[in-house]
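The structure appears right after this line, and notes come after that.
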Amino acid sequence: MRISANQHHNLQADRVTAMNMKVLDDQVDIQIASTVENLLSELCHYRQQSEKLQKINTLYQRMAGILDLPAMIEAYSIWLMEFVGHELIGYHNPTRQRMHMFCSYHGPKRREAIQLAQEILEQPASQESDTALAIGFRVHKWAFTSTDCQGLLVILRKGKPLVEDELQFIDESLLILAEPLKRALEYEEIFAQARRDSLTGLPNRFVFEERIGSIVEQARRHGHPLTLAALDLDHFKAVNDTMGHLMGDQVLKQVAETLKKEIRLTDMLVRMGGDEFLLVLPDTSMQDARFLAERLCQAVERLNIVTRAGRLAVSIGLAEWQPSITIESWLEQADDILYQAKANGRGQVAVN
């Protein structure tokens with residue numbers, strides 16, 4: 001059967017049409033696949049953004065109502081741990097002389113991490129890069145530089161450094177943390193005068209009573225050591241009797257400044273009244289507290305203030321907190337040990 005030229009032309013046209021239709025169908029399939037892929041990518045992006053917003057919203061909720069710096073840093077670290085692993089978070093505001101750290105380690109590793117963080121936080125912000133490696137820790141630093149919130153935050157992480165997504169997430173979270181930090185520091189400033197000893201500038205009895213419960217609870221919850229030092233000046237009465245009360249006030253200021261230079265910013269030194277002081281030492285065992293107490297005795301002796309009754313000195317009683325005792329019993333224990341030190345010859349340290 002022969003095909004006419006016209007039929008041949010029509011067959012050729014049909015073939016071309018079929019081929020064009022196939023190409024068109026293929027192009028449509030590719031466009032649909034690309035559109036679906038873009039939609040899925042956008043949905044994934046929106047889901048990630050939604051999850052991030054939920055995480056940030058949780059941070060808002062946890063920060064609400066917190067007014068003290070230690071509780072705030074602890075709450076932030078615990079929140080962040082769910083999304084970005086780390087071993088320690090520390091914050092230091094040198095202008096207000098406020099520093100606090102929260103560490104998940106225990107024992108010697110904890111002391112090592114805290115010591116490293118304190119050294120880093122006390123360095124000028126420009127001294128090192130934002131990321132460094134120190135004794136096995138990856139060190140990441142962020143500076144709060146606005147007029148409303150200043151200071152330096154450091155994160156220590158064992159092993160691998162933080163990746164870009166983690167760094168970006170922390171950057172966003174710090175925008176949220178800045179406002180509560182500002183609020184906590186302002187709160188402390190507002191009540192500072194009522195809580196500060198007018199002569200020495202140290203925290204007063206009110207501060208001790210206000211904070212000791214939360215300090216003990218933190219030690220209980222995390223199983224960290226906590227030691228209390230009761231301090232009493234020796235021969236201070238002779239200073240007032242022979243040199244006058246104005247000189248006595250100057251001596252108390254000197255002693256307070258001397259003691260402050262020897263302790264950490266995380267310790268709490270309180271003037272309880274007269275020549276009596278209390279020193280609360282978080283994360284400090286009895287052995288470490290004794291080393292510190294002996295340094296305090298030596299520092300006061302170096303003031304070389306001599307009275308008719310003898311050289312001004314300080315007697316110190318140390319009592320390590322135990323979960324089985326109340327705060328009142330702990331205070332009484334430290335006070336009893338203090339007077340053992342005085343009975344043993346003054347200017348020395350006694351322990352339980």
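How things are named: the first chain in the structure tokens is A, the next is B, and so on; residues count from 1 in each chain; ligands count from 1 in the order shown.
Every protein, DNA or RNA residue with an atom at most 10 Å from Leu80 of chain A, where only C-alpha atoms count and chain neighbours fewer than 2 positions away do not, is listed here: Lys55, Ile56, Leu59, Glu74, Ala75, Tyr76, Ser77, Ile78, Glu82, Phe83, Val84, Gly85, His86, Ile89, Phe169, Ile170 and Ser173 of chain A.
Close contacts of Val239 of chain A, defined as residues with an atom at most 7 Å away when counting only C-alpha atoms, with chain neighbours fewer than 5 positions off set aside, comprise Gly244, Gly248 and Thr307 of chain A.
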Using DSSP on the backbone coordinates, identify the residues of segment 193-331 of chain A assigned to strand (DSSP E); present them as a ChimeraX atom specification. /A:226-234,268-273,276-282,306-307,310-311,313-320
Counting only C-alpha atoms, give me one row per residue of segment 230-254 of chain A with an atom at most 10 Å from an atom of segment 189-204 of chain A, showing the shortest contact pair and its distance in Å to one decimal, sorted by chain then residue number, as a tab-separated table.
residue	atom	partner	partner_atom	distance
A:Asp249	CA	A:Leu199	CA	7.3
A:Gln250	CA	A:Leu199	CA	8.9
A:Val251	CA	A:Thr200	CA	9.9
A:Leu252	CA	A:Thr200	CA	6.9
A:Lys253	CA	A:Thr200	CA	5.0
A:Gln254	CA	A:Thr200	CA	8.5
